[in-house]
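Heads up, target-v1.tsv below (TSV, C-alpha atoms):
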```
chain	number	residue	atom	x	y	z
A	1	MET	CA	0.00	0.00	0.00
A	2	THR	CA	1.37	3.41	-0.91
A	3	SER	CA	1.39	6.29	1.53
A	4	THR	CA	-2.12	7.60	2.06
A	5	THR	CA	-4.05	9.57	4.60
A	6	ALA	CA	-6.41	7.97	7.03
A	7	GLN	CA	-9.15	10.40	6.00
A	8	HIS	CA	-9.58	9.16	2.40
A	9	ASP	CA	-12.63	7.29	1.19
A	10	THR	CA	-12.16	3.58	0.64
A	11	ALA	CA	-14.26	0.48	0.35
A	12	SER	CA	-12.38	-1.07	3.27
A	13	PRO	CA	-12.87	0.51	6.70
A	14	ILE	CA	-9.67	1.96	8.12
A	15	VAL	CA	-8.96	0.15	11.37
A	16	ALA	CA	-5.29	1.07	11.78
A	17	CYS	CA	-2.72	3.64	10.72
A	18	THR	CA	1.00	3.88	10.44
A	19	ILE	CA	2.48	7.14	11.69
A	20	SER	CA	5.95	8.07	10.51
A	21	ARG	CA	8.08	10.74	8.92
A	22	ASN	CA	8.12	8.68	5.72
A	23	VAL	CA	6.57	5.22	5.70
A	24	GLN	CA	8.61	4.30	2.62
A	25	ASN	CA	11.62	4.06	4.95
A	26	PHE	CA	9.89	1.13	6.66
A	27	ASP	CA	9.11	-1.24	3.79
A	28	LEU	CA	8.80	-4.26	6.08
A	29	LEU	CA	6.13	-2.43	8.06
A	30	ILE	CA	4.17	-1.79	4.86
A	31	GLU	CA	4.34	-5.51	4.00
A	32	ASP	CA	3.19	-6.58	7.46
A	33	MET	CA	0.30	-4.09	7.52
A	34	GLU	CA	-0.89	-5.24	4.11
A	35	ASP	CA	-0.59	-8.87	5.17
A	36	MET	CA	-2.69	-8.27	8.29
A	37	LEU	CA	-5.22	-5.71	7.09
A	38	GLY	CA	-5.19	-5.64	3.29
A	39	GLU	CA	-6.40	-2.15	2.34
A	40	GLY	CA	-7.90	-1.50	5.76
A	41	TRP	CA	-5.12	0.81	6.93
A	42	GLY	CA	-3.76	4.26	6.22
A	43	ASP	CA	-0.62	6.29	6.72
A	44	LEU	CA	-0.16	9.63	8.45
A	45	GLY	CA	2.69	12.01	9.07
A	46	PHE	CA	3.39	13.17	12.59
A	47	GLY	CA	1.58	16.51	12.17
A	48	GLU	CA	-1.36	14.92	10.36
A	49	ALA	CA	-1.66	12.23	13.03
A	50	LEU	CA	-2.06	14.71	15.87
A	51	ALA	CA	-4.77	16.59	13.99
A	52	PHE	CA	-6.61	13.41	12.98
A	53	LEU	CA	-6.46	11.79	16.43
A	54	ASN	CA	-8.13	14.84	17.92
A	55	GLN	CA	-11.14	14.32	15.63
A	56	PRO	CA	-14.13	12.06	16.48
A	57	ASP	CA	-13.44	9.89	13.41
A	58	ALA	CA	-10.28	8.58	15.10
A	59	ALA	CA	-12.40	6.59	17.57
A	60	SER	CA	-12.93	3.92	14.88
A	61	LEU	CA	-9.22	3.05	14.84
A	62	GLU	CA	-8.10	-0.13	16.59
A	63	PHE	CA	-4.41	0.72	16.74
A	64	VAL	CA	-1.67	2.91	15.31
A	65	ALA	CA	1.91	1.85	14.53
A	66	ILE	CA	4.36	4.68	15.16
A	67	ALA	CA	7.59	4.05	13.21
A	68	ILE	CA	10.66	6.08	14.15
A	69	ASP	CA	14.41	6.02	13.67
A	70	GLU	CA	17.33	7.98	15.11
A	71	ASP	CA	16.45	11.07	13.04
A	72	ASP	CA	13.13	11.38	14.88
A	73	GLU	CA	14.62	11.72	18.36
A	74	ASP	CA	14.54	15.50	18.06
A	75	HIS	CA	10.73	15.33	17.98
A	76	LEU	CA	10.03	13.28	21.10
A	77	GLY	CA	7.68	15.96	22.45
A	78	LEU	CA	5.47	15.74	19.36
A	79	LEU	CA	5.57	11.94	19.43
A	80	ALA	CA	4.49	11.95	23.08
A	81	GLU	CA	1.54	14.19	22.15
A	82	VAL	CA	0.55	11.77	19.37
A	83	ILE	CA	0.66	8.82	21.79
A	84	SER	CA	-1.36	10.73	24.37
A	85	ALA	CA	-3.98	11.68	21.79
A	86	ALA	CA	-4.26	8.03	20.68
A	87	ARG	CA	-4.72	6.78	24.21
A	88	LYS	CA	-7.44	9.36	24.88
A	89	ARG	CA	-9.34	7.83	21.96
A	90	ASP	CA	-8.71	4.34	23.38
A	91	VAL	CA	-6.52	3.57	20.36
A	92	LYS	CA	-3.69	1.12	21.05
A	93	VAL	CA	-0.14	2.16	20.16
A	94	VAL	CA	2.66	-0.03	18.79
A	95	LEU	CA	6.06	1.65	18.81
A	96	ILE	CA	8.40	0.49	16.03
A	97	ALA	CA	11.95	1.79	16.42
A	98	GLU	CA	15.21	1.50	14.52
A	99	ASP	CA	18.51	2.72	16.02
A	100	VAL	CA	16.74	4.69	18.75
A	101	THR	CA	18.47	5.21	22.10
A	102	PRO	CA	17.13	3.40	25.20
A	103	ALA	CA	16.45	6.80	26.82
A	104	ALA	CA	14.14	7.82	23.96
A	105	LEU	CA	12.33	4.47	24.05
A	106	HIS	CA	11.94	4.79	27.81
A	107	GLN	CA	10.33	8.22	27.44
A	108	LEU	CA	7.88	7.09	24.76
A	109	LEU	CA	6.92	3.89	26.58
A	110	ARG	CA	6.29	5.88	29.73
A	111	GLY	CA	4.14	8.13	27.60
A	112	GLY	CA	1.70	5.28	27.01
A	113	ALA	CA	2.81	3.09	24.09
A	114	ASN	CA	1.34	-0.41	24.51
A	115	GLU	CA	3.94	-2.45	22.64
A	116	PHE	CA	7.49	-2.06	21.35
A	117	VAL	CA	8.82	-3.92	18.29
A	118	PRO	CA	12.36	-3.38	16.93
A	119	TYR	CA	12.95	-2.64	13.25
A	120	PRO	CA	13.74	-4.48	11.00
A	121	LEU	CA	10.61	-6.31	12.09
A	122	PRO	CA	11.12	-9.94	13.18
A	123	GLU	CA	8.83	-12.24	11.23
A	124	GLY	CA	5.33	-12.30	12.73
A	125	GLU	CA	6.23	-9.98	15.62
A	126	LEU	CA	3.93	-7.12	14.60
A	127	ARG	CA	1.00	-9.51	14.27
A	128	ALA	CA	1.84	-11.03	17.67
A	129	ALA	CA	1.97	-7.55	19.25
A	130	VAL	CA	-1.43	-6.66	17.79
A	131	GLU	CA	-2.91	-9.94	19.03
A	132	ARG	CA	-1.57	-9.27	22.53
A	133	MET	CA	-3.21	-5.85	22.53
A	134	ARG	CA	-6.47	-7.38	21.38
A	135	ARG	CA	-6.37	-9.97	24.15
A	136	ALA	CA	-5.63	-7.25	26.68
A	137	SER	CA	-8.76	-5.40	25.53
A	138	LEU	CA	-11.03	-8.37	26.16
A	139	PRO	CA	-13.06	-8.22	29.40
A	140	VAL	CA	-11.50	-10.51	31.97
A	141	GLN	CA	-12.17	-11.14	35.62
A	142	VAL	CA	-8.99	-10.51	37.50
A	143	GLU	CA	-8.68	-11.00	41.21
A	144	ALA	CA	-7.37	-8.23	43.38
A	145	PRO	CA	-3.56	-8.01	43.25
A	146	HIS	CA	-1.89	-10.37	45.66
A	147	ARG	CA	1.21	-12.40	46.09
A	148	GLY	CA	1.31	-16.00	44.92
A	149	ARG	CA	-1.07	-18.25	46.86
A	150	ARG	CA	0.04	-21.74	47.70
A	151	THR	CA	-2.05	-24.86	48.23
A	152	GLY	CA	0.22	-27.59	49.54
A	153	ASP	CA	3.28	-27.42	47.29
A	154	ASN	CA	1.53	-25.78	44.33
A	155	VAL	CA	1.52	-22.13	43.32
A	156	GLN	CA	-2.04	-20.99	42.48
A	157	LEU	CA	-1.94	-18.53	39.57
A	158	ASP	CA	-4.38	-15.94	38.28
A	159	GLY	CA	-4.38	-14.95	34.61
A	160	GLY	CA	-5.33	-11.90	32.62
A	161	ARG	CA	-1.84	-10.40	32.59
A	162	ASP	CA	0.48	-9.48	29.72
A	163	GLY	CA	3.89	-9.64	31.31
A	164	VAL	CA	7.20	-8.27	30.09
A	165	LEU	CA	9.62	-10.94	28.85
A	166	ILE	CA	13.30	-10.36	29.67
A	167	GLY	CA	15.94	-12.70	28.23
A	168	VAL	CA	19.46	-13.07	29.63
A	169	GLN	CA	22.24	-14.76	27.62
A	170	GLY	CA	25.80	-15.19	28.86
A	171	LEU	CA	28.39	-15.02	26.10
A	172	ALA	CA	31.16	-16.76	28.03
A	173	GLY	CA	31.39	-19.15	30.96
A	174	GLY	CA	31.46	-17.39	34.31
A	175	CYS	CA	30.45	-14.00	32.94
A	176	GLY	CA	27.69	-13.70	35.56
A	177	ALA	CA	24.54	-14.21	33.48
A	178	THR	CA	22.74	-16.37	36.06
A	179	THR	CA	23.78	-14.03	38.88
A	180	PHE	CA	22.30	-11.18	36.87
A	181	SER	CA	19.09	-13.10	36.10
A	182	VAL	CA	18.47	-14.16	39.70
A	183	ASN	CA	19.13	-10.75	41.21
A	184	LEU	CA	17.21	-8.86	38.53
A	185	ALA	CA	14.16	-11.09	39.10
A	186	TRP	CA	14.43	-10.63	42.87
A	187	GLU	CA	14.83	-6.85	42.63
A	188	LEU	CA	11.78	-6.68	40.33
A	189	ALA	CA	9.76	-8.70	42.84
A	190	ASN	CA	10.75	-6.23	45.59
A	191	VAL	CA	10.84	-3.02	43.59
A	192	THR	CA	7.95	-1.57	45.61
A	193	LYS	CA	6.17	-2.48	48.84
A	194	ASP	CA	2.75	-1.32	47.63
A	195	ASN	CA	1.29	-3.75	45.10
A	196	PRO	CA	4.61	-5.25	43.95
A	197	PRO	CA	4.64	-6.94	40.53
A	198	ARG	CA	4.38	-10.71	40.17
A	199	VAL	CA	7.67	-12.05	38.84
A	200	CYS	CA	8.63	-15.43	37.42
A	201	LEU	CA	12.17	-16.68	36.76
A	202	LEU	CA	12.56	-19.42	34.13
A	203	ASP	CA	15.78	-21.45	34.09
A	204	LEU	CA	15.99	-22.75	30.53
A	205	ASP	CA	19.51	-24.10	30.92
A	206	LEU	CA	17.98	-27.57	31.04
A	207	GLN	CA	21.22	-29.46	31.68
A	208	PHE	CA	23.35	-27.35	34.01
A	209	GLY	CA	21.06	-24.57	35.16
A	210	SER	CA	22.05	-23.21	38.56
A	211	VAL	CA	19.15	-20.90	39.47
A	212	ALA	CA	17.94	-23.47	42.01
A	213	THR	CA	21.39	-23.49	43.62
A	214	TYR	CA	21.63	-19.69	43.73
A	215	LEU	CA	18.31	-19.54	45.59
A	216	ASP	CA	18.65	-22.81	47.55
A	217	LEU	CA	15.48	-24.24	45.99
A	218	PRO	CA	14.55	-27.90	45.41
A	219	ARG	CA	14.37	-29.24	41.85
A	220	ARG	CA	10.93	-30.79	41.51
A	221	GLU	CA	9.95	-33.80	39.40
A	222	ALA	CA	7.00	-31.77	38.14
A	223	VAL	CA	9.41	-29.67	36.05
A	224	LEU	CA	10.41	-32.62	33.86
A	225	GLU	CA	6.78	-33.73	33.61
A	226	LEU	CA	5.80	-30.26	32.47
A	227	LEU	CA	8.58	-29.97	29.89
A	228	SER	CA	7.82	-33.42	28.53
A	229	ASP	CA	4.20	-32.55	27.77
A	230	ILE	CA	3.97	-28.81	27.21
A	231	GLU	CA	1.21	-29.26	24.63
A	232	THR	CA	-1.30	-29.97	27.42
A	233	MET	CA	0.07	-27.34	29.81
A	234	ASP	CA	-2.29	-24.81	31.36
A	235	GLY	CA	-2.06	-22.38	34.25
A	236	ASP	CA	-2.63	-25.09	36.86
A	237	SER	CA	0.05	-27.48	35.61
A	238	PHE	CA	2.44	-24.58	35.17
A	239	GLY	CA	1.85	-23.52	38.76
A	240	GLN	CA	2.49	-27.08	40.00
A	241	ALA	CA	5.99	-26.98	38.52
A	242	LEU	CA	6.92	-23.63	40.10
A	243	VAL	CA	8.76	-23.19	43.38
A	244	SER	CA	8.30	-20.05	45.45
A	245	PHE	CA	11.24	-18.17	46.96
A	246	GLN	CA	10.18	-16.35	50.13
A	247	ASN	CA	6.64	-16.16	48.69
A	248	LYS	CA	7.75	-13.25	46.50
A	249	LEU	CA	9.42	-14.84	43.46
A	250	GLU	CA	8.17	-17.87	41.52
A	251	VAL	CA	10.84	-20.02	39.88
A	252	LEU	CA	10.80	-22.74	37.24
A	253	THR	CA	14.05	-24.52	37.98
A	254	SER	CA	15.95	-26.72	35.58
A	255	PRO	CA	15.04	-30.45	35.80
A	256	SER	CA	16.55	-32.60	38.54
A	257	ASP	CA	17.99	-34.99	35.92
A	258	LEU	CA	20.28	-34.29	33.00
A	259	VAL	CA	18.07	-34.04	29.90
A	260	PRO	CA	18.80	-33.34	26.21
A	261	MET	CA	18.48	-29.72	25.12
A	262	ASP	CA	16.08	-30.74	22.35
A	263	LEU	CA	13.61	-32.07	24.92
A	264	ILE	CA	11.58	-29.00	24.09
A	265	SER	CA	10.88	-27.63	20.63
A	266	SER	CA	10.48	-24.06	19.42
A	267	GLU	CA	6.71	-24.46	19.60
A	268	ASP	CA	6.97	-25.72	23.18
A	269	VAL	CA	9.04	-22.72	24.23
A	270	LYS	CA	6.56	-20.34	22.62
A	271	VAL	CA	3.70	-21.94	24.60
A	272	LEU	CA	5.72	-21.82	27.82
A	273	LEU	CA	6.52	-18.13	27.39
A	274	ASP	CA	2.92	-17.28	26.53
A	275	VAL	CA	1.58	-19.01	29.64
A	276	ALA	CA	4.19	-17.33	31.83
A	277	ARG	CA	3.34	-13.92	30.43
A	278	GLU	CA	-0.34	-14.50	31.03
A	279	HIS	CA	0.20	-15.07	34.75
A	280	PHE	CA	3.08	-12.73	35.62
A	281	ASP	CA	3.96	-9.07	35.24
A	282	PHE	CA	7.65	-9.81	34.56
A	283	VAL	CA	9.20	-13.02	33.28
A	284	VAL	CA	13.00	-13.33	33.39
A	285	VAL	CA	14.42	-16.10	31.18
A	286	ASP	CA	17.89	-17.40	32.09
A	287	MET	CA	19.23	-18.86	28.84
A	288	PRO	CA	21.79	-21.65	28.43
A	289	SER	CA	25.30	-20.73	27.35
A	290	ILE	CA	24.71	-22.55	24.06
A	291	LEU	CA	22.38	-21.62	21.21
A	292	ALA	CA	19.59	-24.20	21.19
A	293	ASN	CA	17.20	-24.82	18.32
A	294	TRP	CA	14.62	-22.73	20.21
A	295	SER	CA	16.87	-19.78	21.13
A	296	GLU	CA	15.48	-17.87	18.16
A	297	VAL	CA	11.99	-18.01	19.70
A	298	VAL	CA	13.16	-16.46	22.96
A	299	LEU	CA	15.08	-13.74	21.13
A	300	ASN	CA	12.04	-12.84	19.04
A	301	GLU	CA	9.49	-13.04	21.88
A	302	THR	CA	11.32	-11.05	24.56
A	303	GLN	CA	10.84	-7.31	24.80
A	304	ILE	CA	14.34	-6.97	26.29
A	305	PHE	CA	17.26	-9.34	25.70
A	306	PHE	CA	20.50	-8.84	27.63
A	307	GLY	CA	23.81	-10.23	26.42
A	308	ILE	CA	26.22	-10.45	29.37
A	309	VAL	CA	29.92	-10.07	28.55
A	310	ASP	CA	33.21	-9.68	30.38
A	311	LEU	CA	36.06	-7.42	29.35
A	312	ASP	CA	38.14	-10.28	27.96
A	313	MET	CA	39.00	-11.99	24.70
A	314	ARG	CA	36.55	-14.88	25.25
A	315	SER	CA	33.57	-12.56	25.39
A	316	ALA	CA	34.80	-10.51	22.44
A	317	GLN	CA	35.28	-13.55	20.22
A	318	ASN	CA	31.94	-15.09	21.23
A	319	ALA	CA	30.10	-11.81	20.69
A	320	LEU	CA	31.55	-11.63	17.19
A	321	ARG	CA	30.57	-15.23	16.45
A	322	LEU	CA	27.07	-14.61	17.77
A	323	LYS	CA	26.75	-11.49	15.63
A	324	ARG	CA	27.79	-13.35	12.49
A	325	ALA	CA	25.42	-16.25	13.21
A	326	LEU	CA	22.37	-14.08	13.86
A	327	LEU	CA	22.98	-11.80	10.89
A	328	ALA	CA	23.48	-14.82	8.62
A	329	GLU	CA	20.07	-16.14	9.70
A	330	GLU	CA	18.53	-12.64	9.44
A	331	LEU	CA	17.69	-12.65	13.13
A	332	PRO	CA	17.42	-9.39	15.12
A	333	PHE	CA	20.97	-9.09	16.49
A	334	GLU	CA	20.34	-5.39	17.12
A	335	LYS	CA	17.74	-6.37	19.72
A	336	ILE	CA	20.46	-7.59	22.11
A	337	ARG	CA	21.38	-5.07	24.80
A	338	PHE	CA	24.96	-5.80	25.81
A	339	ALA	CA	25.80	-5.56	29.50
A	340	LEU	CA	29.45	-5.38	30.51
A	341	ASN	CA	29.90	-7.21	33.81
A	342	ARG	CA	32.75	-6.28	36.15
A	343	ALA	CA	32.99	-2.97	34.32
A	344	PRO	CA	35.99	-0.69	34.98
A	345	LYS	CA	35.62	1.75	37.85
A	346	PHE	CA	35.23	5.47	37.27
A	347	THR	CA	38.92	6.12	37.86
A	348	ASP	CA	40.13	3.21	35.71
A	349	LEU	CA	40.78	5.18	32.52
A	350	GLN	CA	42.77	2.37	30.92
A	351	GLY	CA	39.96	-0.09	31.54
A	352	LYS	CA	37.38	2.31	30.14
A	353	SER	CA	39.50	2.74	27.04
A	354	ARG	CA	39.70	-1.05	26.60
A	355	ALA	CA	35.92	-1.36	26.94
A	356	LYS	CA	35.40	1.37	24.33
A	357	ARG	CA	37.80	-0.27	21.87
A	358	MET	CA	36.13	-3.65	22.42
A	359	ALA	CA	32.69	-2.24	21.62
A	360	GLU	CA	33.95	-0.36	18.56
A	361	SER	CA	35.82	-3.36	17.16
A	362	LEU	CA	32.70	-5.55	17.52
A	363	GLY	CA	30.33	-2.91	16.18
A	364	ILE	CA	28.17	-3.05	19.30
A	365	ARG	CA	27.18	-0.70	22.10
A	366	MET	CA	27.54	-1.42	25.79
A	367	ASP	CA	24.08	-0.35	26.93
A	368	LEU	CA	24.67	-1.38	30.53
A	369	GLN	CA	27.77	-1.43	32.69
A	370	LEU	CA	27.64	-3.53	35.86
A	371	SER	CA	30.02	-2.92	38.72
A	372	ASP	CA	32.38	-5.60	40.00
A	373	GLY	CA	30.63	-6.96	43.07
A	374	GLY	CA	33.72	-8.82	44.27
A	375	LYS	CA	33.70	-11.76	46.66
A	376	PRO	CA	30.22	-11.06	48.17
A	377	VAL	CA	28.68	-12.10	44.85
A	378	SER	CA	30.05	-15.65	45.05
A	379	VAL	CA	29.30	-15.78	48.77
A	380	SER	CA	25.63	-14.92	48.22
A	381	GLY	CA	25.40	-17.63	45.56
A	382	ASP	CA	26.96	-20.20	47.87
A	383	HIS	CA	24.52	-19.25	50.63
A	384	GLY	CA	21.54	-19.43	48.28
A	385	VAL	CA	20.32	-15.86	48.80
A	386	PRO	CA	20.13	-12.76	46.55
A	387	LEU	CA	22.68	-10.00	46.91
A	388	SER	CA	20.16	-7.70	48.56
A	389	GLU	CA	19.92	-10.18	51.44
A	390	GLN	CA	23.65	-10.86	51.72
A	391	ALA	CA	25.21	-7.50	50.82
A	392	PRO	CA	22.58	-4.79	50.22
A	393	LYS	CA	25.19	-2.05	49.70
A	394	ASN	CA	27.17	-4.03	47.14
A	395	PRO	CA	27.79	-1.92	44.00
A	396	LEU	CA	26.55	-4.70	41.68
A	397	ARG	CA	23.37	-5.02	43.71
A	398	LYS	CA	22.79	-1.25	43.43
A	399	ASP	CA	23.24	-1.35	39.64
A	400	ILE	CA	20.74	-4.19	39.25
A	401	ALA	CA	18.26	-2.55	41.64
A	402	LYS	CA	18.45	0.67	39.59
A	403	LEU	CA	17.79	-1.28	36.39
A	404	ALA	CA	14.82	-3.07	37.99
A	405	ALA	CA	13.33	0.26	39.07
A	406	GLU	CA	13.62	1.59	35.52
A	407	LEU	CA	12.01	-1.51	34.02
A	408	HIS	CA	9.20	-1.39	36.57
A	409	ALA	CA	8.58	2.29	35.85
A	410	ILE	CA	8.11	1.50	32.16
A	411	GLY	CA	5.76	-1.38	32.91
A	412	LEU	CA	3.79	0.63	35.47
A	413	SER	CA	3.23	3.58	33.15
A	414	ASP	CA	2.09	1.20	30.43
A	415	ALA	CA	-0.38	-0.51	32.78
A	416	GLU	CA	-1.78	2.81	34.02
A	417	ALA	CA	-2.22	4.04	30.46
A	418	ALA	CA	-4.08	0.84	29.55
```
What is this file in structure tokens?
Amino acid sequence: MTSTTAQHDTASPIVACTISRNVQNFDLLIEDMEDMLGEGWGDLGFGEALAFLNQPDAASLEFVAIAIDEDDEDHLGLLAEVISAARKRDVKVVLIAEDVTPAALHQLLRGGANEFVPYPLPEGELRAAVERMRRASLPVQVEAPHRGRRTGDNVQLDGGRDGVLIGVQGLAGGCGATTFSVNLAWELANVTKDNPPRVCLLDLDLQFGSVATYLDLPRREAVLELLSDIETMDGDSFGQALVSFQNKLEVLTSPSDLVPMDLISSEDVKVLLDVAREHFDFVVVDMPSILANWSEVVLNETQIFFGIVDLDMRSAQNALRLKRALLAEELPFEKIRFALNRAPKFTDLQGKSRAKRMAESLGIRMDLQLSDGGKPVSVSGDHGVPLSEQAPKNPLRKDIAKLAAELHAIGLSDAEAA
């Protein structure tokens, strides 16, 4: 479909619009909109969109897809007005961004965007985002917010949620990916005392996952039963496989026995993630150090995907190999947010220079720098407690707590806008 205005006459009712500086810069978006809606969509510029959304005719729209790139960051104020106008009309907003800074995304998501999809668009991701928004609009009976209830050994879950998926992939052994996953999930579960979010931690390192060890949790036989028959899984069977940590964090541990990584298929992982999202506000996925045949699903489904690296040659070489592999398969490598663990201190100018050269040579950006937590990090893991319990003033713990607060703020603003 060529660029048109939403106000033109057409045989097909206009149920959605793209909003961009020039939609021709987003050819994949045009293809996906045509595939979903045929001729039932239009295109607007930023100025046109604000004028149209303030008219009564805009109430017939189901959603708008706002497509931006780095050149649009100078117009964040106008974009925020467009999002606000859409939400006042009860029109859902999908934010599609290419090469936009995390700070700009944060501001727009806080402004009320319902979904974020990176560009180039992963196959089927726009359709999946629209379907999630449609499900969220359906009337559901949701119980009053509460922590996880337990009957015997089972966690009783309530649905009707649309949680944020966060993936964590370590790019070298011992780089601290599981430490990051465990503590991020715990900080999210404790980010506020009033109505804290429900958080689930999935350990998908099926063979040597250590989340259970880090939190001193038992590995239940129900986990293997669940993974062996995901096709019949529902909220009840999922809850039976979870273990609660201090009644604040629900955990799906790795199985008690060593199992093959292909025990679960890509379709199984998709079902598992969908069920987890339905019952939790945040779902943190601790990935195996290898790339499994279903890793692509997690990368595509997660809203945020962290790649944990160290400042060493192993991480550099593995990051380069990962980049080549994903680009060769046309997978969204740009979606990975690299986090440098044990980052140089403020006064370590030589270390900072090394980190900068590493990022430049790999063609990546270190979006997050995590302090070196030192010996207390390994001590907390050995004791089976999060860092906040063992060493609350640890610099690594403070960095992760700050990140959790930022992620929660984005999710909270989105929920309030909905």
Could you please determine the separation between atom CA of Phe346 of chain A and atom CA of Arg397 of chain A in Å, to one decimal place?
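Atom CA of Phe346 of chain A sits 17.1 Å away from atom CA of Arg397 of chain A.
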Under the rule that only C-alpha atoms are counted, which of A:Pro122, A:Gly47, A:Ile83, A:Arg89 is the nearest residue to Asp32 of chain A?
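With only C-alpha atoms as the atom set, the closest residue is A:Pro122.
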Exercise: Ala319 of chain A partners within 12 Å, only C-alpha atoms, chain neighbours under 4 positions left out, as a PDB file with C-alpha atoms, in the frame of the given file:
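The resulting file, around_3.pdb, is shown below:
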```pdb
ATOM      1  CA  GLN A 169      22.240 -14.760  27.620  1.00  0.00           C
ATOM      2  CA  GLY A 170      25.800 -15.190  28.860  1.00  0.00           C
ATOM      3  CA  LEU A 171      28.390 -15.020  26.100  1.00  0.00           C
ATOM      4  CA  ALA A 172      31.160 -16.760  28.030  1.00  0.00           C
ATOM      5  CA  GLY A 307      23.810 -10.230  26.420  1.00  0.00           C
ATOM      6  CA  ILE A 308      26.220 -10.450  29.370  1.00  0.00           C
ATOM      7  CA  VAL A 309      29.920 -10.070  28.550  1.00  0.00           C
ATOM      8  CA  ASP A 310      33.210  -9.680  30.380  1.00  0.00           C
ATOM      9  CA  LEU A 311      36.060  -7.420  29.350  1.00  0.00           C
ATOM     10  CA  ASP A 312      38.140 -10.280  27.960  1.00  0.00           C
ATOM     11  CA  MET A 313      39.000 -11.990  24.700  1.00  0.00           C
ATOM     12  CA  ARG A 314      36.550 -14.880  25.250  1.00  0.00           C
ATOM     13  CA  SER A 315      33.570 -12.560  25.390  1.00  0.00           C
ATOM     14  CA  LYS A 323      26.750 -11.490  15.630  1.00  0.00           C
ATOM     15  CA  ARG A 324      27.790 -13.350  12.490  1.00  0.00           C
ATOM     16  CA  ALA A 325      25.420 -16.250  13.210  1.00  0.00           C
ATOM     17  CA  LEU A 326      22.370 -14.080  13.860  1.00  0.00           C
ATOM     18  CA  PHE A 333      20.970  -9.090  16.490  1.00  0.00           C
ATOM     19  CA  ILE A 336      20.460  -7.590  22.110  1.00  0.00           C
ATOM     20  CA  ARG A 337      21.380  -5.070  24.800  1.00  0.00           C
ATOM     21  CA  PHE A 338      24.960  -5.800  25.810  1.00  0.00           C
ATOM     22  CA  ALA A 339      25.800  -5.560  29.500  1.00  0.00           C
ATOM     23  CA  LEU A 340      29.450  -5.380  30.510  1.00  0.00           C
ATOM     24  CA  MET A 358      36.130  -3.650  22.420  1.00  0.00           C
ATOM     25  CA  ALA A 359      32.690  -2.240  21.620  1.00  0.00           C
ATOM     26  CA  SER A 361      35.820  -3.360  17.160  1.00  0.00           C
ATOM     27  CA  LEU A 362      32.700  -5.550  17.520  1.00  0.00           C
ATOM     28  CA  GLY A 363      30.330  -2.910  16.180  1.00  0.00           C
ATOM     29  CA  ILE A 364      28.170  -3.050  19.300  1.00  0.00           C
ATOM     30  CA  ARG A 365      27.180  -0.700  22.100  1.00  0.00           C
ATOM     31  CA  MET A 366      27.540  -1.420  25.790  1.00  0.00           C
TER      32      MET A 366
END
```
Any idea what the distance is between atom CA of Asp203 of chain A and atom CA of Gly174 of chain A?
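Value for the atom CA of Asp203 of chain A-atom CA of Gly174 of chain A distance: 16.2 Å.
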Neighbouring residues of Val64 of chain A were defined as those with any atom within 7 Å, considering all atoms listed in the file; residues of the same chain fewer than 6 positions away were excluded. Please report them as a list of chain:residue names.
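Everything that qualifies: A:Ala16, A:Cys17, A:Thr18, A:Ile19, A:Lys92, A:Val93, A:Val94.
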Between atom CA of Leu217 of chain A and atom CA of Phe245 of chain A, what is the distance in Å, rounded to a tenth?
7.5 Å
Write out as a PyMOL selection string each polymer residue whose atoms come within 12 Å of Thr101 of chain A, counting all atoms listed in the file; drop sequence neighbours fewer than 4 positions from it.
chain A and resi 68-74+76+97+105-108+118+334-335+337+365-367
Which residue of A:Ala67, A:Leu349, A:Lys393, A:Leu44 approaches Asp27 of chain A most closely, using only C-alpha atoms
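Nearest candidate to Asp27 of chain A out of A:Ala67, A:Leu349, A:Lys393, A:Leu44: A:Ala67.
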Pick from A:Gly384, A:Pro376, A:Pro288, A:Gly235: nearest to Asp274 of chain A, with all atoms listed in the file counted?
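Of A:Gly384, A:Pro376, A:Pro288, A:Gly235, the one nearest Asp274 of chain A is A:Gly235, counting all atoms listed in the file.
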4 Å per side around segment 389-404 of chain A: axis-aligned box centre and edge lengths, as AutoDock Vina command-line options:
```
--center_x 21.3 --center_y -5.1 --center_z 44.1 --size_x 21.0 --size_y 19.5 --size_z 23.3
```
So which residues touch Ile14 of chain A within 8 Å, counting only C-alpha atoms, skipping near sequence neighbours fewer than 3 positions away, as a list in words?
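Contacts, in chain order: Ala6, Cys17, Glu39, Gly40, Trp41, Gly42, Ser60 and Leu61 of chain A.
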Please identify all polymer residues within 8 Å of Gly209 of chain A, counting only C-alpha atoms, omitting same-chain residues fewer than 3 positions from it, and present them as a list in words.
Asp203, Leu204, Asp205, Leu206, Ala212, Thr253, Ser254 and Pro288 of chain A
Just to be explicit: take each residue in the selection above, keep C-alpha atoms, and write the result as an mmCIF file, in the coordinates of the input.
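The new file result-v1.cif reads:
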```
data_model
loop_
_atom_site.group_PDB
_atom_site.id
_atom_site.type_symbol
_atom_site.label_atom_id
_atom_site.label_comp_id
_atom_site.auth_asym_id
_atom_site.auth_seq_id
_atom_site.Cartn_x
_atom_site.Cartn_y
_atom_site.Cartn_z
ATOM 1 C CA ASP A 203 15.780 -21.450 34.090
ATOM 2 C CA LEU A 204 15.990 -22.750 30.530
ATOM 3 C CA ASP A 205 19.510 -24.100 30.920
ATOM 4 C CA LEU A 206 17.980 -27.570 31.040
ATOM 5 C CA ALA A 212 17.940 -23.470 42.010
ATOM 6 C CA THR A 253 14.050 -24.520 37.980
ATOM 7 C CA SER A 254 15.950 -26.720 35.580
ATOM 8 C CA PRO A 288 21.790 -21.650 28.430
#
```
May I ask which of the residues A:Ile264, A:Ala328, A:Ile290, A:Ile166 is the closest one to Ile304 of chain A, counting all atoms listed in the file?
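Comparing A:Ile264, A:Ala328, A:Ile290, A:Ile166 against Ile304 of chain A, the winner is A:Ile166.
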